[in-house]
file structure.cif (mmCIF, C-alpha atoms)
data_query
loop_
_atom_site.group_PDB
_atom_site.id
_atom_site.type_symbol
_atom_site.label_atom_id
_atom_site.label_comp_id
_atom_site.auth_asym_id
_atom_site.auth_seq_id
_atom_site.Cartn_x
_atom_site.Cartn_y
_atom_site.Cartn_z
ATOM 1 C CA MET A 1 90.794 91.452 103.795
ATOM 2 C CA ARG A 2 91.577 87.844 104.639
ATOM 3 C CA TYR A 3 94.779 85.798 104.593
ATOM 4 C CA ASP A 4 94.967 82.028 104.260
ATOM 5 C CA LYS A 5 97.666 79.549 105.309
ATOM 6 C CA ILE A 6 98.756 81.617 108.310
ATOM 7 C CA LYS A 7 101.401 80.207 110.656
ATOM 8 C CA LYS A 8 102.930 81.452 113.898
ATOM 9 C CA GLY A 9 106.624 82.195 114.160
ATOM 10 C CA ILE A 10 109.363 83.815 116.211
ATOM 11 C CA PHE A 11 111.324 86.669 114.651
ATOM 12 C CA MET A 12 115.086 86.181 114.810
ATOM 13 C CA GLU A 13 116.722 88.864 112.684
ATOM 14 C CA ARG A 14 116.352 90.998 109.563
ATOM 15 C CA PRO A 15 119.455 90.767 107.352
ATOM 16 C CA ASN A 16 118.062 93.444 105.043
ATOM 17 C CA ARG A 17 114.805 95.315 104.508
ATOM 18 C CA PHE A 18 113.388 92.647 102.190
ATOM 19 C CA ILE A 19 113.853 89.479 104.247
ATOM 20 C CA ALA A 20 113.655 88.234 107.822
ATOM 21 C CA LEU A 21 114.756 85.048 109.516
ATOM 22 C CA VAL A 22 111.819 83.514 111.381
ATOM 23 C CA GLU A 23 111.595 80.332 113.388
ATOM 24 C CA ILE A 24 108.543 78.418 112.149
ATOM 25 C CA GLU A 25 107.677 75.020 113.586
ATOM 26 C CA GLY A 26 111.204 74.648 114.950
ATOM 27 C CA LYS A 27 112.966 75.531 111.688
ATOM 28 C CA ILE A 28 114.602 78.836 110.667
ATOM 29 C CA GLU A 29 112.957 80.087 107.472
ATOM 30 C CA VAL A 30 113.803 83.040 105.223
ATOM 31 C CA CYS A 31 110.633 85.143 104.928
ATOM 32 C CA HIS A 32 109.782 88.015 102.612
ATOM 33 C CA VAL A 33 109.043 91.204 104.584
ATOM 34 C CA LYS A 34 106.026 92.932 103.017
ATOM 35 C CA ASN A 35 107.072 96.281 104.456
ATOM 36 C CA THR A 36 110.353 97.967 103.533
ATOM 37 C CA GLY A 37 110.042 100.543 106.352
ATOM 38 C CA ARG A 38 112.322 100.378 109.371
ATOM 39 C CA CYS A 39 109.787 98.747 111.747
ATOM 40 C CA LYS A 40 112.533 98.566 114.403
ATOM 41 C CA GLU A 41 110.059 98.926 117.243
ATOM 42 C CA LEU A 42 108.096 95.939 115.863
ATOM 43 C CA LEU A 43 110.692 93.480 114.627
ATOM 44 C CA THR A 44 112.540 92.950 117.864
ATOM 45 C CA GLU A 45 114.381 89.722 118.644
ATOM 46 C CA GLN A 46 112.038 86.925 119.740
ATOM 47 C CA ALA A 47 108.921 88.883 118.775
ATOM 48 C CA GLU A 48 105.921 86.686 117.982
ATOM 49 C CA VAL A 49 104.934 87.058 114.338
ATOM 50 C CA LEU A 50 102.454 85.653 111.852
ATOM 51 C CA VAL A 51 103.518 84.559 108.387
ATOM 52 C CA GLN A 52 101.604 83.466 105.308
ATOM 53 C CA GLU A 53 102.708 80.393 103.409
ATOM 54 C CA CYS A 54 102.745 81.273 99.729
ATOM 55 C CA GLY A 55 104.588 78.672 97.704
ATOM 56 C CA HIS A 56 104.181 80.395 94.346
ATOM 57 C CA PRO A 57 106.384 78.885 91.612
ATOM 58 C CA GLY A 58 109.616 80.799 91.119
ATOM 59 C CA ARG A 59 109.561 82.512 94.523
ATOM 60 C CA LYS A 60 112.794 82.578 96.485
ATOM 61 C CA THR A 61 110.958 82.565 99.820
ATOM 62 C CA LYS A 62 108.160 80.301 100.997
ATOM 63 C CA TYR A 63 106.613 82.768 103.469
ATOM 64 C CA ASP A 64 105.506 86.400 103.738
ATOM 65 C CA LEU A 65 105.730 88.167 107.104
ATOM 66 C CA ILE A 66 102.253 89.614 107.698
ATOM 67 C CA SER A 67 101.869 90.818 111.282
ATOM 68 C CA VAL A 68 103.596 91.037 114.649
ATOM 69 C CA TRP A 69 102.600 91.152 118.286
ATOM 70 C CA LYS A 70 103.742 94.274 120.162
ATOM 71 C CA GLY A 71 102.831 93.336 123.702
ATOM 72 C CA PRO A 72 99.074 92.637 123.673
ATOM 73 C CA ARG A 73 98.569 94.539 120.398
ATOM 74 C CA LEU A 74 98.573 92.723 117.045
ATOM 75 C CA ILE A 75 99.853 95.003 114.264
ATOM 76 C CA ASN A 76 99.483 94.206 110.583
ATOM 77 C CA MET A 77 102.632 95.297 108.706
ATOM 78 C CA ASP A 78 101.690 94.286 105.171
ATOM 79 C CA SER A 79 102.330 97.431 103.109
ATOM 80 C CA GLN A 80 100.015 96.122 100.368
ATOM 81 C CA ALA A 81 97.039 95.992 102.742
ATOM 82 C CA PRO A 82 96.227 99.729 103.191
ATOM 83 C CA ASN A 83 95.026 100.307 99.609
ATOM 84 C CA THR A 84 92.794 97.229 99.795
ATOM 85 C CA ILE A 85 91.451 98.356 103.163
ATOM 86 C CA CYS A 86 90.817 101.874 101.871
ATOM 87 C CA ARG A 87 88.901 100.543 98.879
ATOM 88 C CA GLU A 88 86.784 98.335 101.162
ATOM 89 C CA TRP A 89 86.068 101.400 103.302
ATOM 90 C CA LEU A 90 85.153 103.520 100.270
ATOM 91 C CA ASN A 91 82.837 100.812 98.938
ATOM 92 C CA SER A 92 81.125 100.489 102.322
ATOM 93 C CA GLY A 93 79.521 103.927 102.015
ATOM 94 C CA ALA A 94 80.678 104.810 105.517
ATOM 95 C CA TYR A 95 81.979 108.199 104.315
ATOM 96 C CA PHE A 96 80.743 108.701 100.734
ATOM 97 C CA GLN A 97 77.194 107.639 99.947
ATOM 98 C CA ASP A 98 77.150 108.753 96.309
ATOM 99 C CA LEU A 99 80.390 107.577 94.725
ATOM 100 C CA LYS A 100 80.068 107.023 90.984
ATOM 101 C CA MET A 101 83.727 106.170 90.313
ATOM 102 C CA ILE A 102 86.629 104.667 92.225
ATOM 103 C CA LYS A 103 89.676 104.573 89.968
ATOM 104 C CA PRO A 104 92.951 103.230 91.399
ATOM 105 C CA GLU A 105 96.440 104.400 90.439
ATOM 106 C CA GLN A 106 95.387 107.672 88.830
ATOM 107 C CA LYS A 107 98.204 109.736 87.314
ATOM 108 C CA TYR A 108 98.291 113.495 87.813
ATOM 109 C CA ARG A 109 101.268 115.586 86.713
ATOM 110 C CA ASN A 110 104.360 113.788 88.007
ATOM 111 C CA SER A 111 102.531 111.741 90.637
ATOM 112 C CA ARG A 112 100.381 108.648 90.609
ATOM 113 C CA PHE A 113 97.786 108.850 93.377
ATOM 114 C CA ASP A 114 96.242 105.781 94.945
ATOM 115 C CA PHE A 115 92.647 106.648 94.008
ATOM 116 C CA TYR A 116 90.600 109.101 91.982
ATOM 117 C CA LEU A 117 86.961 109.458 93.061
ATOM 118 C CA GLU A 118 83.952 111.050 91.485
ATOM 119 C CA THR A 119 80.490 111.806 92.806
ATOM 120 C CA ALA A 120 77.821 113.696 90.891
ATOM 121 C CA TYR A 121 79.489 117.006 91.751
ATOM 122 C CA ARG A 122 82.923 116.241 93.187
ATOM 123 C CA LYS A 123 86.297 115.103 91.837
ATOM 124 C CA ILE A 124 88.752 113.899 94.463
ATOM 125 C CA PHE A 125 92.313 112.625 94.457
ATOM 126 C CA VAL A 126 93.189 110.313 97.348
ATOM 127 C CA GLU A 127 96.566 109.276 98.701
ATOM 128 C CA VAL A 128 96.714 106.334 101.139
ATOM 129 C CA LYS A 129 99.366 105.836 103.825
ATOM 130 C CA GLY A 130 99.766 102.745 105.991
ATOM 131 C CA VAL A 131 100.606 103.350 109.649
ATOM 132 C CA THR A 132 102.390 100.746 111.776
ATOM 133 C CA LEU A 133 104.175 103.019 114.275
ATOM 134 C CA GLU A 134 102.531 103.496 117.673
ATOM 135 C CA ASN A 135 103.812 105.106 120.866
ATOM 136 C CA LYS A 136 101.736 105.214 124.064
ATOM 137 C CA GLY A 137 98.541 104.790 122.081
ATOM 138 C CA ILE A 138 99.403 107.487 119.535
ATOM 139 C CA ALA A 139 99.666 106.457 115.883
ATOM 140 C CA LEU A 140 102.528 108.181 114.049
ATOM 141 C CA PHE A 141 103.547 108.552 110.401
ATOM 142 C CA PRO A 142 106.131 108.222 108.940
ATOM 143 C CA ASP A 143 108.505 105.804 110.670
ATOM 144 C CA ALA A 144 111.322 106.880 108.322
ATOM 145 C CA PRO A 145 111.959 109.982 106.177
ATOM 146 C CA THR A 146 109.812 109.933 103.026
ATOM 147 C CA GLU A 147 110.658 112.467 100.342
ATOM 148 C CA ARG A 148 108.205 110.665 98.063
ATOM 149 C CA GLY A 149 105.468 111.255 100.635
ATOM 150 C CA VAL A 150 106.261 114.977 100.781
ATOM 151 C CA LYS A 151 106.154 115.151 96.979
ATOM 152 C CA HIS A 152 102.710 113.538 96.932
ATOM 153 C CA LEU A 153 101.365 116.012 99.488
ATOM 154 C CA LYS A 154 102.626 118.959 97.453
ATOM 155 C CA GLU A 155 101.075 117.504 94.294
ATOM 156 C CA LEU A 156 97.772 117.092 96.142
ATOM 157 C CA ALA A 157 97.924 120.773 97.078
ATOM 158 C CA ALA A 158 98.388 121.562 93.384
ATOM 159 C CA CYS A 159 95.249 119.535 92.620
ATOM 160 C CA ILE A 160 93.248 121.801 94.934
ATOM 161 C CA GLU A 161 94.534 124.893 93.134
ATOM 162 C CA GLU A 162 93.152 123.436 89.891
ATOM 163 C CA GLY A 163 89.684 122.790 91.295
ATOM 164 C CA TYR A 164 89.930 119.204 92.529
ATOM 165 C CA GLU A 165 89.482 118.012 96.085
ATOM 166 C CA ALA A 166 92.340 116.242 97.838
ATOM 167 C CA MET A 167 92.330 113.699 100.621
ATOM 168 C CA VAL A 168 94.956 111.787 102.571
ATOM 169 C CA VAL A 169 93.742 108.604 104.264
ATOM 170 C CA PHE A 170 95.983 107.078 106.917
ATOM 171 C CA ILE A 171 95.164 103.400 107.412
ATOM 172 C CA ILE A 172 96.228 102.572 110.968
ATOM 173 C CA GLN A 173 97.032 98.867 110.829
ATOM 174 C CA MET A 174 95.975 98.209 114.412
ATOM 175 C CA ARG A 175 93.151 98.897 116.872
ATOM 176 C CA ASP A 176 92.676 100.998 120.002
ATOM 177 C CA VAL A 177 94.834 104.058 119.333
ATOM 178 C CA ARG A 178 94.010 107.399 120.952
ATOM 179 C CA TYR A 179 94.708 109.580 117.932
ATOM 180 C CA MET A 180 96.952 109.977 114.883
ATOM 181 C CA MET A 181 99.572 112.655 114.234
ATOM 182 C CA PRO A 182 102.510 113.339 111.895
ATOM 183 C CA ASN A 183 105.851 112.139 113.203
ATOM 184 C CA ASP A 184 107.650 115.482 113.176
ATOM 185 C CA ARG A 185 110.619 114.116 115.078
ATOM 186 C CA MET A 186 111.316 111.643 112.273
ATOM 187 C CA HIS A 187 110.505 113.869 109.279
ATOM 188 C CA PRO A 188 109.441 117.477 110.010
ATOM 189 C CA GLU A 189 109.079 118.253 106.293
ATOM 190 C CA PHE A 190 106.297 115.680 105.975
ATOM 191 C CA GLY A 191 104.409 117.197 108.901
ATOM 192 C CA ALA A 192 104.818 120.688 107.443
ATOM 193 C CA ALA A 193 103.549 119.542 104.033
ATOM 194 C CA LEU A 194 100.563 117.803 105.660
ATOM 195 C CA ARG A 195 99.628 120.961 107.567
ATOM 196 C CA ALA A 196 100.027 123.058 104.428
ATOM 197 C CA LEU A 197 97.702 120.711 102.550
ATOM 198 C CA SER A 198 95.135 120.904 105.344
ATOM 199 C CA SER A 199 95.296 124.718 105.364
ATOM 200 C CA LYS A 200 94.441 124.716 101.642
ATOM 201 C CA GLY A 201 91.355 122.592 102.222
ATOM 202 C CA GLY A 202 92.791 119.095 101.912
ATOM 203 C CA LYS A 203 90.984 116.503 104.005
ATOM 204 C CA ILE A 204 93.132 114.457 106.388
ATOM 205 C CA LEU A 205 91.524 111.258 107.681
ATOM 206 C CA ALA A 206 92.697 108.285 109.722
ATOM 207 C CA ILE A 207 90.962 104.915 110.027
ATOM 208 C CA ASP A 208 91.877 102.182 112.482
ATOM 209 C CA CYS A 209 91.589 98.487 111.714
ATOM 210 C CA SER A 210 90.471 95.351 113.455
ATOM 211 C CA VAL A 211 93.391 92.936 113.133
ATOM 212 C CA THR A 212 93.177 89.215 113.808
ATOM 213 C CA GLU A 213 95.566 86.413 112.935
ATOM 214 C CA ASP A 214 94.070 86.048 109.451
ATOM 215 C CA THR A 215 92.102 89.250 108.774
ATOM 216 C CA ILE A 216 92.404 93.011 108.699
ATOM 217 C CA ILE A 217 89.132 94.934 108.483
ATOM 218 C CA PRO A 218 88.548 98.707 108.305
ATOM 219 C CA GLY A 219 87.244 100.099 111.571
ATOM 220 C CA SER A 220 86.361 103.629 112.643
ATOM 221 C CA LEU A 221 87.616 107.128 111.981
ATOM 222 C CA VAL A 222 90.345 108.196 114.399
ATOM 223 C CA LYS A 223 91.018 111.805 115.380
ATOM 224 C CA VAL A 224 93.952 113.436 113.573
ATOM 225 C CA ARG A 225 96.008 116.022 115.448
ATOM 226 C CA LEU A 226 98.177 118.158 113.205
ATOM 227 C CA SER A 227 99.654 120.299 115.984
#

call {"tool": "encode", "arguments": {"input": "structure.cif", "output": "structure tokens"}}
result
Amino acid sequence: MRYDKIKKGIFMERPNRFIALVEIEGKIEVCHVKNTGRCKELLTEQAEVLVQECGHPGRKTKYDLISVWKGPRLINMDSQAPNTICREWLNSGAYFQDLKMIKPEQKYRNSRFDFYLETAYRKIFVEVKGVTLENKGIALFPDAPTERGVKHLKELAACIEEGYEAMVVFIIQMRDVRYMMPNDRMHPEFGAALRALSSKGGKILAIDCSVTEDTIIPGSLVKVRLS
């Protein structure tokens, strides 16, 4: 996945979850934040960020905030990127060599899952989660309570009971993490639901990403620790 018209900036403040004030080329600009999560450990005052100039007619903001430097680590925080990255990974054949169908936004019961996959003999529902929280090299999800995320995990478990396969793919929007685990301190119910899904046969995967100033590319599978 590639971005064009990228500019460097300095984060100043975040008046609400949708916008941030960023100094770009000496001028304070109002930027759209493409991630409504808390991101408090990322968007710290004077943090170096990267923004994309958009300029679409009718937009209230000229820029989108795309990524941020956390020390030496560049972290993509575009919440629209994980599904694109997951699809690129699926199409690469790195995990499935015999996919016959990749259908996005597939509805099942009261949920709409990110992907529905079919091979010659398998039918799989996939839910994708973007991960931007890191602590001492450990990737953590979620960074805020997510009742919607718990609901999706329970619906995936119901899929298994009806003969489908279920998979959760965590897209870690950075490189060089040691492993991935549920953030039980933030939302223990999510961790419990993830473990319950795994115990029923759900597949839990995590993939890191190579992040540069203007690209984010799927990398390698990262170990997931559920305990």

call {"tool": "residues_around", "arguments": {"input": "structure.cif", "residues": "Met180 (chain A)", "least_positions_apart": "6", "cutoff": "7 Å", "atoms": "all atoms listed in the file", "output": "list in words"}}
result
Ile138, Ala139, Leu140, Ala206, Val222, Lys223, Val224 and Arg225 of chain A

call {"tool": "closest_residue", "arguments": {"input": "structure.cif", "among": "A:Val128, A:Leu43, A:Ile10, A:Ile85", "to": "Glu29 (chain A)", "atoms": "only C-alpha atoms"}}
result
A:Ile10

call {"tool": "residues_near_point", "arguments": {"input": "structure.cif", "point": "(100.5, 118.2, 86.8)", "cutoff": "8 Å", "atoms": "all atoms listed in the file", "output": "list of chain:residue names"}}
result
A:Tyr108, A:Arg109, A:Asn110, A:Ser111, A:Glu155, A:Ala158, A:Cys159

call {"tool": "residues_around", "arguments": {"input": "structure.cif", "residues": "Ser220 (chain A)", "least_positions_apart": "4", "cutoff": "9 Å", "atoms": "all atoms listed in the file", "output": "PyMOL selection string"}}
result
chain A and resi 206-209

call {"tool": "resolve_selection", "arguments": {"input": "structure.cif", "expression": "the PyMOL selection byres ((chain A and resi 142) around 12)", "output": "NGL selection string"}}
result
:A and (37-39 or 129-134 or 139-141 or 143-150 or 170 or 172 or 180-191 or 194)

call {"tool": "residues_near_point", "arguments": {"input": "structure.cif", "point": "(89.3, 113.4, 88.9)", "cutoff": "12 Å", "atoms": "only C-alpha atoms", "output": "ChimeraX atom specification"}}
result
/A:100-108,113-126,156,159-160,162-166

call {"tool": "atom_distance", "arguments": {"input": "structure.cif", "atom1": "CA of Val168 (chain A)", "atom2": "CA of Met1 (chain A)"}}
result
20.8 Å

call {"tool": "closest_residue", "arguments": {"input": "structure.cif", "among": "A:Ala157, A:Ile66, A:Ile217, A:Ala192", "to": "Thr84 (chain A)", "atoms": "all atoms listed in the file"}}
result
A:Ile217

call {"tool": "atom_distance", "arguments": {"input": "structure.cif", "atom1": "CA of Glu88 (chain A)", "atom2": "CA of Gly201 (chain A)"}}
result
24.7 Å

call {"tool": "closest_residue", "arguments": {"input": "structure.cif", "among": "A:Leu42, A:Val177, A:Ile216, A:Leu205", "to": "Tyr95 (chain A)", "atoms": "all atoms listed in the file"}}
result
A:Leu205

call {"tool": "closest_residue", "arguments": {"input": "structure.cif", "among": "A:Lys154, A:Arg178, A:His32, A:Gln173", "to": "Lys200 (chain A)", "atoms": "only C-alpha atoms"}}
result
A:Lys154

call {"tool": "atom_distance", "arguments": {"input": "structure.cif", "atom1": "CA of Asp98 (chain A)", "atom2": "CA of Arg2 (chain A)"}}
result
26.7 Å

call {"tool": "closest_residue", "arguments": {"input": "structure.cif", "among": "A:Arg14, A:Lys203, A:Lys8, A:Arg59", "to": "Gly26 (chain A)", "atoms": "only C-alpha atoms"}}
result
A:Lys8

call {"tool": "closest_residue", "arguments": {"input": "structure.cif", "among": "A:Glu41, A:Glu48, A:Asp214, A:Asp78", "to": "Lys5 (chain A)", "atoms": "only C-alpha atoms"}}
result
A:Asp214

call {"tool": "residues_around", "arguments": {"input": "structure.cif", "residues": "Thr44 (chain A)", "least_positions_apart": "3", "cutoff": "8 Å", "atoms": "all atoms listed in the file", "output": "PDB file with C-alpha atoms, in the coordinates of the input"}}
result
ATOM      1  CA  PHE A  11     111.324  86.669 114.651  1.00  0.00           C
ATOM      2  CA  MET A  12     115.086  86.181 114.810  1.00  0.00           C
ATOM      3  CA  GLU A  13     116.722  88.864 112.684  1.00  0.00           C
ATOM      4  CA  LYS A  40     112.533  98.566 114.403  1.00  0.00           C
ATOM      5  CA  GLU A  41     110.059  98.926 117.243  1.00  0.00           C
ATOM      6  CA  ALA A  47     108.921  88.883 118.775  1.00  0.00           C
TER       7      ALA A  47
END

call {"tool": "resolve_selection", "arguments": {"input": "structure.cif", "expression": "the PyMOL selection byres ((chain A and resi 76) around 7)", "output": "number ranges by chain"}}
result
A: 66-68, 74-75, 77-78, 173-174, 211

call {"tool": "write_last_selection", "arguments": {"input": "structure.cif", "atoms": "C-alpha atoms", "output": "short mmCIF file (atom, residue, chain, number, x, y, z; two decimals), in the coordinates of the input"}}
result
data_model
loop_
_atom_site.label_atom_id
_atom_site.label_comp_id
_atom_site.auth_asym_id
_atom_site.auth_seq_id
_atom_site.Cartn_x
_atom_site.Cartn_y
_atom_site.Cartn_z
CA ILE A 66 102.25 89.61 107.70
CA SER A 67 101.87 90.82 111.28
CA VAL A 68 103.60 91.04 114.65
CA LEU A 74 98.57 92.72 117.04
CA ILE A 75 99.85 95.00 114.26
CA MET A 77 102.63 95.30 108.71
CA ASP A 78 101.69 94.29 105.17
CA GLN A 173 97.03 98.87 110.83
CA MET A 174 95.98 98.21 114.41
CA VAL A 211 93.39 92.94 113.13
#
